[in-house]
$ cat data-v4.tsv   # TSV, C-alpha atoms
chain	number	residue	atom	x	y	z
I	1	ALA	CA	-9.21	13.95	4.09
I	2	GLN	CA	-7.28	11.75	6.44
I	3	SER	CA	-3.72	10.63	5.78
I	4	VAL	CA	-1.69	7.77	7.15
I	5	SER	CA	2.07	7.60	7.69
I	6	GLN	CA	4.06	4.42	8.05
I	7	HIS	CA	7.80	4.64	8.57
I	8	ASN	CA	10.65	2.24	7.86
I	9	HIS	CA	9.20	0.86	4.67
I	10	HIS	CA	11.60	-2.10	4.63
I	11	VAL	CA	12.20	-4.11	7.80
I	12	ILE	CA	14.48	-7.15	7.97
I	13	LEU	CA	14.74	-9.19	11.13
I	14	SER	CA	15.52	-12.67	12.37
I	15	GLU	CA	13.06	-15.23	13.67
I	16	ALA	CA	12.15	-14.74	17.35
I	17	ALA	CA	12.95	-11.04	17.18
I	18	SER	CA	10.31	-8.54	18.24
I	19	LEU	CA	8.53	-6.43	15.65
I	20	GLU	CA	7.02	-2.99	16.02
I	21	LEU	CA	5.59	-1.04	13.08
I	22	GLY	CA	4.60	2.56	13.54
I	23	CYS	CA	1.42	4.14	12.18
I	24	ASN	CA	0.45	7.77	12.57
I	25	TYR	CA	-2.62	9.40	11.11
I	26	SER	CA	-3.98	12.85	10.67
I	27	TYR	CA	-7.71	13.28	11.07
I	28	GLY	CA	-9.56	15.32	13.63
I	29	GLY	CA	-12.76	13.33	13.84
I	30	THR	CA	-13.75	9.90	15.05
I	31	VAL	CA	-11.69	7.19	13.40
I	32	ASN	CA	-11.70	3.47	13.00
I	33	LEU	CA	-8.25	1.92	12.73
I	34	PHE	CA	-7.05	-1.23	11.01
I	35	TRP	CA	-3.96	-3.22	10.24
I	36	TYR	CA	-4.02	-5.39	7.13
I	37	VAL	CA	-1.45	-7.94	5.99
I	38	GLN	CA	-0.62	-9.00	2.44
I	39	TYR	CA	1.34	-12.23	2.11
I	40	PRO	CA	3.33	-12.66	-1.10
I	41	GLY	CA	1.01	-13.08	-4.07
I	42	GLN	CA	-2.15	-12.77	-2.00
I	43	HIS	CA	-4.77	-10.14	-1.33
I	44	LEU	CA	-5.07	-8.11	1.84
I	45	GLN	CA	-6.37	-9.74	4.99
I	46	LEU	CA	-7.41	-8.11	8.24
I	47	LEU	CA	-5.00	-8.51	11.16
I	48	LEU	CA	-6.88	-6.45	13.74
I	49	LYS	CA	-9.14	-3.47	14.11
I	50	TYR	CA	-10.04	-0.79	16.63
I	51	PHE	CA	-13.41	0.92	16.85
I	52	SER	CA	-13.80	1.80	20.52
I	53	GLY	CA	-13.11	0.54	24.03
I	54	ASP	CA	-9.83	-0.96	25.18
I	55	PRO	CA	-7.06	0.80	23.22
I	56	LEU	CA	-4.92	-2.36	23.27
I	57	VAL	CA	-6.27	-4.61	20.55
I	58	LYS	CA	-5.29	-8.20	19.98
I	59	GLY	CA	-5.49	-9.70	16.52
I	60	ILE	CA	-4.71	-12.91	14.75
I	61	LYS	CA	-1.34	-14.70	14.72
I	62	GLY	CA	-0.12	-13.07	17.94
I	63	PHE	CA	-0.26	-9.49	16.70
I	64	GLU	CA	-1.49	-6.61	18.82
I	65	ALA	CA	-1.82	-2.88	18.37
I	66	GLU	CA	-2.20	0.05	20.72
I	67	PHE	CA	-4.29	3.11	19.95
I	68	ILE	CA	-2.85	6.25	21.54
I	69	LYS	CA	-5.32	9.02	20.80
I	70	SER	CA	-3.09	11.84	22.02
I	71	LYS	CA	-0.34	10.77	19.64
I	72	PHE	CA	-2.65	9.91	16.70
I	73	SER	CA	-0.89	6.55	16.59
I	74	PHE	CA	-1.85	2.91	16.15
I	75	ASN	CA	1.39	0.90	16.33
I	76	LEU	CA	1.52	-2.80	15.55
I	77	ARG	CA	3.57	-5.22	17.62
I	78	LYS	CA	4.49	-8.87	17.76
I	79	PRO	CA	6.82	-10.14	20.53
I	80	SER	CA	8.40	-12.97	18.51
I	81	VAL	CA	8.15	-13.17	14.73
I	82	GLN	CA	8.25	-16.26	12.56
I	83	TRP	CA	9.42	-16.77	9.00
I	84	SER	CA	5.75	-16.99	7.98
I	85	ASP	CA	5.25	-13.36	9.06
I	86	THR	CA	7.14	-12.25	5.96
I	87	ALA	CA	4.61	-9.97	4.30
I	88	GLU	CA	3.63	-6.40	3.66
I	89	TYR	CA	1.69	-4.69	6.42
I	90	PHE	CA	-0.68	-1.79	5.90
I	91	CYS	CA	-2.19	0.55	8.44
I	92	ALA	CA	-5.58	2.02	7.48
I	93	VAL	CA	-7.75	4.74	8.93
I	94	LYS	CA	-11.44	5.17	8.26
I	95	GLY	CA	-12.99	8.56	8.65
I	96	ASN	CA	-15.54	10.62	6.77
I	97	ASN	CA	-16.72	7.75	4.55
I	98	ARG	CA	-13.21	6.94	3.33
I	99	LEU	CA	-10.64	4.32	4.22
I	100	ALA	CA	-7.10	5.59	3.68
I	101	PHE	CA	-4.07	3.30	3.67
I	102	GLY	CA	-0.48	3.97	4.53
I	103	LYS	CA	2.27	3.07	2.07
I	104	GLY	CA	2.99	-0.18	3.84
I	105	ASN	CA	5.88	-1.88	5.62
I	106	GLN	CA	7.64	-4.67	3.77
I	107	VAL	CA	8.76	-7.11	6.50
I	108	VAL	CA	11.20	-9.90	5.77
I	109	VAL	CA	11.86	-12.47	8.48
I	110	ILE	CA	15.08	-14.45	8.08
I	111	PRO	CA	14.99	-18.03	9.38
D	1	ASN	CA	-20.28	-17.28	0.11
D	2	ALA	CA	-17.90	-16.41	-2.68
D	3	GLY	CA	-16.92	-13.12	-1.00
D	4	VAL	CA	-15.53	-10.48	-3.37
D	5	THR	CA	-14.96	-11.68	-6.91
D	6	GLN	CA	-12.88	-9.73	-9.41
D	7	THR	CA	-12.44	-10.41	-13.10
D	8	PRO	CA	-10.23	-10.59	-15.03
D	9	LYS	CA	-7.18	-11.51	-12.94
D	10	PHE	CA	-4.76	-10.43	-15.67
D	11	GLN	CA	-5.17	-8.07	-18.61
D	12	VAL	CA	-2.85	-6.46	-21.14
D	13	LEU	CA	-4.08	-3.40	-23.00
D	14	LYS	CA	-2.68	-1.06	-25.59
D	15	THR	CA	-2.66	2.66	-24.94
D	16	GLY	CA	-6.04	4.15	-25.77
D	17	GLN	CA	-8.03	0.95	-25.39
D	18	SER	CA	-10.95	0.78	-22.99
D	19	MET	CA	-11.94	-1.99	-20.63
D	20	THR	CA	-14.00	-2.75	-17.54
D	21	LEU	CA	-12.82	-4.49	-14.40
D	22	GLN	CA	-15.69	-6.36	-12.83
D	23	CYS	CA	-16.33	-6.65	-9.10
D	24	ALA	CA	-19.13	-8.54	-7.42
D	25	GLN	CA	-19.83	-9.33	-3.76
D	26	ASP	CA	-22.42	-11.61	-2.25
D	27	MET	CA	-22.32	-10.34	1.33
D	28	ASN	CA	-24.96	-7.61	0.94
D	29	HIS	CA	-22.35	-4.96	1.76
D	30	GLU	CA	-23.37	-1.35	1.35
D	31	TYR	CA	-19.83	-0.07	0.83
D	32	MET	CA	-17.71	-0.98	-2.18
D	33	SER	CA	-14.47	0.54	-3.35
D	34	TRP	CA	-11.65	0.29	-5.84
D	35	TYR	CA	-7.98	0.70	-4.97
D	36	ARG	CA	-4.85	0.58	-7.02
D	37	GLN	CA	-1.63	-0.77	-5.55
D	38	ASP	CA	1.74	0.42	-6.81
D	39	PRO	CA	5.20	-0.36	-5.35
D	40	GLY	CA	6.09	2.06	-2.57
D	41	MET	CA	2.73	3.84	-2.85
D	42	GLY	CA	0.52	1.55	-0.80
D	43	LEU	CA	-3.13	1.38	-1.73
D	44	ARG	CA	-4.76	4.45	-3.16
D	45	LEU	CA	-8.51	4.86	-3.31
D	46	ILE	CA	-9.89	5.41	-6.80
D	47	HIS	CA	-13.66	5.50	-6.31
D	48	TYR	CA	-16.09	4.27	-3.71
D	49	SER	CA	-19.79	3.76	-3.18
D	50	VAL	CA	-21.88	3.66	-0.02
D	51	GLY	CA	-24.92	2.15	-1.71
D	52	ALA	CA	-26.67	1.52	-5.00
D	53	GLY	CA	-26.88	4.68	-7.06
D	54	ILE	CA	-24.27	6.50	-4.96
D	55	THR	CA	-20.63	6.88	-5.98
D	56	ASP	CA	-17.88	9.28	-5.04
D	57	GLN	CA	-14.30	10.00	-5.96
D	58	GLY	CA	-11.35	8.88	-3.97
D	59	GLU	CA	-7.74	9.96	-4.01
D	60	VAL	CA	-6.87	9.15	-7.65
D	61	PRO	CA	-10.09	9.14	-9.74
D	62	ASN	CA	-8.80	10.59	-13.01
D	63	GLY	CA	-9.10	8.22	-15.96
D	64	TYR	CA	-11.58	5.93	-14.21
D	65	ASN	CA	-15.38	5.74	-14.11
D	66	VAL	CA	-17.65	3.71	-11.86
D	67	SER	CA	-21.33	3.01	-11.46
D	68	ARG	CA	-23.38	1.18	-8.81
D	69	SER	CA	-26.67	0.03	-10.27
D	70	THR	CA	-27.02	-2.88	-7.84
D	71	THR	CA	-25.79	-3.62	-4.32
D	72	GLU	CA	-23.74	-6.55	-5.61
D	73	ASP	CA	-21.77	-5.05	-8.50
D	74	PHE	CA	-19.28	-2.19	-8.77
D	75	PRO	CA	-17.47	-2.16	-12.15
D	76	LEU	CA	-14.45	0.04	-12.81
D	77	ARG	CA	-14.11	1.43	-16.33
D	78	LEU	CA	-10.95	2.66	-17.99
D	79	LEU	CA	-12.11	4.80	-20.89
D	80	SER	CA	-8.75	5.32	-22.61
D	81	ALA	CA	-5.97	3.34	-21.01
D	82	ALA	CA	-2.59	4.95	-20.37
D	83	PRO	CA	0.73	3.34	-19.30
D	84	SER	CA	0.39	5.17	-15.95
D	85	GLN	CA	-2.60	2.96	-15.23
D	86	THR	CA	-0.42	-0.15	-15.16
D	87	SER	CA	-1.08	-1.42	-11.66
D	88	VAL	CA	-2.75	-4.05	-9.51
D	89	TYR	CA	-6.37	-3.18	-8.81
D	90	PHE	CA	-8.26	-4.37	-5.77
D	91	CYS	CA	-11.97	-4.22	-5.16
D	92	ALA	CA	-13.11	-4.21	-1.54
D	93	SER	CA	-16.43	-4.17	0.27
D	94	SER	CA	-17.79	-3.87	3.78
D	95	TYR	CA	-20.83	-3.07	5.84
D	96	TRP	CA	-21.00	0.64	6.49
D	97	VAL	CA	-22.90	0.77	9.77
D	98	GLY	CA	-22.43	-1.27	12.88
D	99	GLU	CA	-19.30	-2.69	14.46
D	100	ASP	CA	-18.49	-5.32	11.82
D	101	ARG	CA	-16.97	-2.95	9.28
D	102	GLU	CA	-13.95	-4.94	8.13
D	103	LEU	CA	-13.03	-4.48	4.47
D	104	PHE	CA	-13.05	-7.68	2.44
D	105	PHE	CA	-10.76	-7.68	-0.58
D	106	GLY	CA	-10.90	-9.42	-3.91
D	107	GLU	CA	-7.84	-11.25	-5.20
D	108	GLY	CA	-6.77	-8.39	-7.43
D	109	SER	CA	-6.56	-7.67	-11.14
D	110	ARG	CA	-3.14	-7.08	-12.64
D	111	LEU	CA	-3.37	-4.64	-15.54
D	112	THR	CA	-0.54	-3.82	-17.94
D	113	VAL	CA	-0.91	-0.97	-20.42
D	114	LEU	CA	1.61	-0.96	-23.25

$ encode --input "data-v4.tsv" --output "structure tokens"
Amino acid sequence: AQSVSQHNHHVILSEAASLELGCNYSYGGTVNLFWYVQYPGQHLQLLLKYFSGDPLVKGIKGFEAEFIKSKFSFNLRKPSVQWSDTAEYFCAVKGNNRLAFGKGNQVVVIP
Amino acid sequence: NAGVTQTPKFQVLKTGQSMTLQCAQDMNHEYMSWYRQDPGMGLRLIHYSVGAGITDQGEVPNGYNVSRSTTEDFPLRLLSAAPSQTSVYFCASSYWVGEDRELFFGEGSRLTVL
């Protein structure tokens, strides 16, 4: 079964700072990759997804992620965060009929 | 479209009681799944289904049963609740073939077992 690693579980940064969240996975087969966001008190929503093609994927709210196959990574980035980006972010990998999530990154943006 | 609907939103049980968390989707999705979310643990897959009549175990299936008699519904049953099952439960569904395979989540069910 695949597994997903997210580091730096808690991230605190100021508005306008840049954000990068790492995601590494272990699975030898073809994968589909996702980043989901969970705002306080809400359910998970899709930020962006990668199935094939251009490894640099752009999502909603100015987020983007880059799939690096050789590094088994799918890191999330945003050049300039806002207070409203305070949320928990989850990387997910789909392979072999299962979608596995990482443990999440709790991001707090200070105004 | 209502999307993915979960009921109840909140439930308190005593140890040993049984209950069923309901999940329904109106998007004709083949794939449905149940996750539990615990602090610092992320989302862990309990059971999933790739179509009516087909279910399989996920990462943490013990203590939970599921069935998929229709495409729309995927109930999760706790046969004898334990305090370790205190968690927030999310149902999610998606298409399983084709490019549009985003998971759609319900709003969650918060379960407390005393």

$ closest_atom_pairs --input "data-v4.tsv" --of "chain D" --to "chain I" --cutoff "10 Å" --atoms "only C-alpha atoms" --output "Markdown table"
| residue | atom | partner | partner_atom | distance |
| --- | --- | --- | --- | --- |
| D:Tyr31 | CA | I:Asn97 | CA | 9.2 |
| D:Ser33 | CA | I:Leu99 | CA | 9.3 |
| D:Tyr35 | CA | I:Phe101 | CA | 9.8 |
| D:Gln37 | CA | I:Lys103 | CA | 9.4 |
| D:Asp38 | CA | I:Lys103 | CA | 9.3 |
| D:Pro39 | CA | I:Lys103 | CA | 8.7 |
| D:Gly40 | CA | I:Lys103 | CA | 6.1 |
| D:Met41 | CA | I:Lys103 | CA | 5.0 |
| D:Gly42 | CA | I:Lys103 | CA | 3.7 |
| D:Leu43 | CA | I:Phe101 | CA | 5.8 |
| D:Arg44 | CA | I:Phe101 | CA | 7.0 |
| D:Leu45 | CA | I:Ala100 | CA | 7.2 |
| D:His47 | CA | I:Arg98 | CA | 9.8 |
| D:Tyr48 | CA | I:Arg98 | CA | 8.1 |
| D:Ser49 | CA | I:Asn97 | CA | 9.2 |
| D:Val50 | CA | I:Asn97 | CA | 8.0 |
| D:Asp56 | CA | I:Asn97 | CA | 9.8 |
| D:Gln57 | CA | I:Arg98 | CA | 9.8 |
| D:Gly58 | CA | I:Arg98 | CA | 7.8 |
| D:Glu59 | CA | I:Ala100 | CA | 8.9 |
| D:Phe90 | CA | I:His43 | CA | 8.1 |
| D:Ala92 | CA | I:Leu44 | CA | 9.6 |
| D:Trp96 | CA | I:Asn97 | CA | 8.5 |
| D:Glu99 | CA | I:Phe51 | CA | 7.3 |
| D:Asp100 | CA | I:Phe51 | CA | 9.5 |
| D:Arg101 | CA | I:Asn32 | CA | 9.1 |
| D:Glu102 | CA | I:Leu46 | CA | 7.3 |
| D:Leu103 | CA | I:Leu46 | CA | 7.7 |
| D:Phe104 | CA | I:Gln45 | CA | 7.4 |
| D:Phe105 | CA | I:Leu44 | CA | 6.2 |
| D:Gly106 | CA | I:His43 | CA | 6.7 |
| D:Glu107 | CA | I:His43 | CA | 5.1 |
| D:Gly108 | CA | I:His43 | CA | 6.7 |

$ atom_distance --input "data-v4.tsv" --atom1 "atom CA of I:Lys71" --atom2 "atom CA of I:Gly22"
11.4 Å

$ residues_near_point --input "data-v4.tsv" --point "(2.2, -11.7, 6.8)" --cutoff "7 Å" --atoms "all atoms listed in the file" --output "PyMOL selection string"
chain I and resi 37-39+84-88

$ write_last_selection --input "data-v4.tsv" --atoms "C-alpha atoms" --output "compact mmCIF listing (two decimals), in the coordinates of the input"
# COMPACT_ATOMS: atom_id res chain seq x y z
CA VAL I 37 -1.45 -7.94 5.99
CA GLN I 38 -0.62 -9.00 2.44
CA TYR I 39 1.34 -12.23 2.11
CA SER I 84 5.75 -16.99 7.98
CA ASP I 85 5.25 -13.36 9.06
CA THR I 86 7.14 -12.25 5.96
CA ALA I 87 4.61 -9.97 4.30
CA GLU I 88 3.63 -6.40 3.66

$ closest_residue --input "data-v4.tsv" --among "D:Val4, D:Leu76, D:Leu21, D:Val113" --to "D:Thr55" --atoms "only C-alpha atoms"
D:Leu76

$ atom_distance --input "data-v4.tsv" --atom1 "atom CA of D:Phe74" --atom2 "atom CA of I:Gly29"
28.2 Å

$ closest_residue --input "data-v4.tsv" --among "I:Val31, I:Val81, I:Leu56, I:Val93" --to "I:Pro111" --atoms "only C-alpha atoms"
I:Val81

$ atom_distance --input "data-v4.tsv" --atom1 "atom CA of D:Gln17" --atom2 "atom CA of D:Tyr89"
17.2 Å

$ closest_residue --input "data-v4.tsv" --among "I:Leu47, I:Ile68, I:Ile60, I:Ser73" --to "I:Cys23" --atoms "all atoms listed in the file"
I:Ser73

$ closest_residue --input "data-v4.tsv" --among "D:Leu114, D:Val60, D:Leu79, D:Val66" --to "D:Gln22" --atoms "only C-alpha atoms"
D:Val66

$ closest_residue --input "data-v4.tsv" --among "D:Lys9, D:His29, D:Arg36, D:Arg68" --to "D:Gln85" --atoms "all atoms listed in the file"
D:Arg36

$ residues_around --input "data-v4.tsv" --residues "I:Leu19" --least-positions-apart "2" --cutoff "9 Å" --atoms "all atoms listed in the file" --output "count of residues only"
10
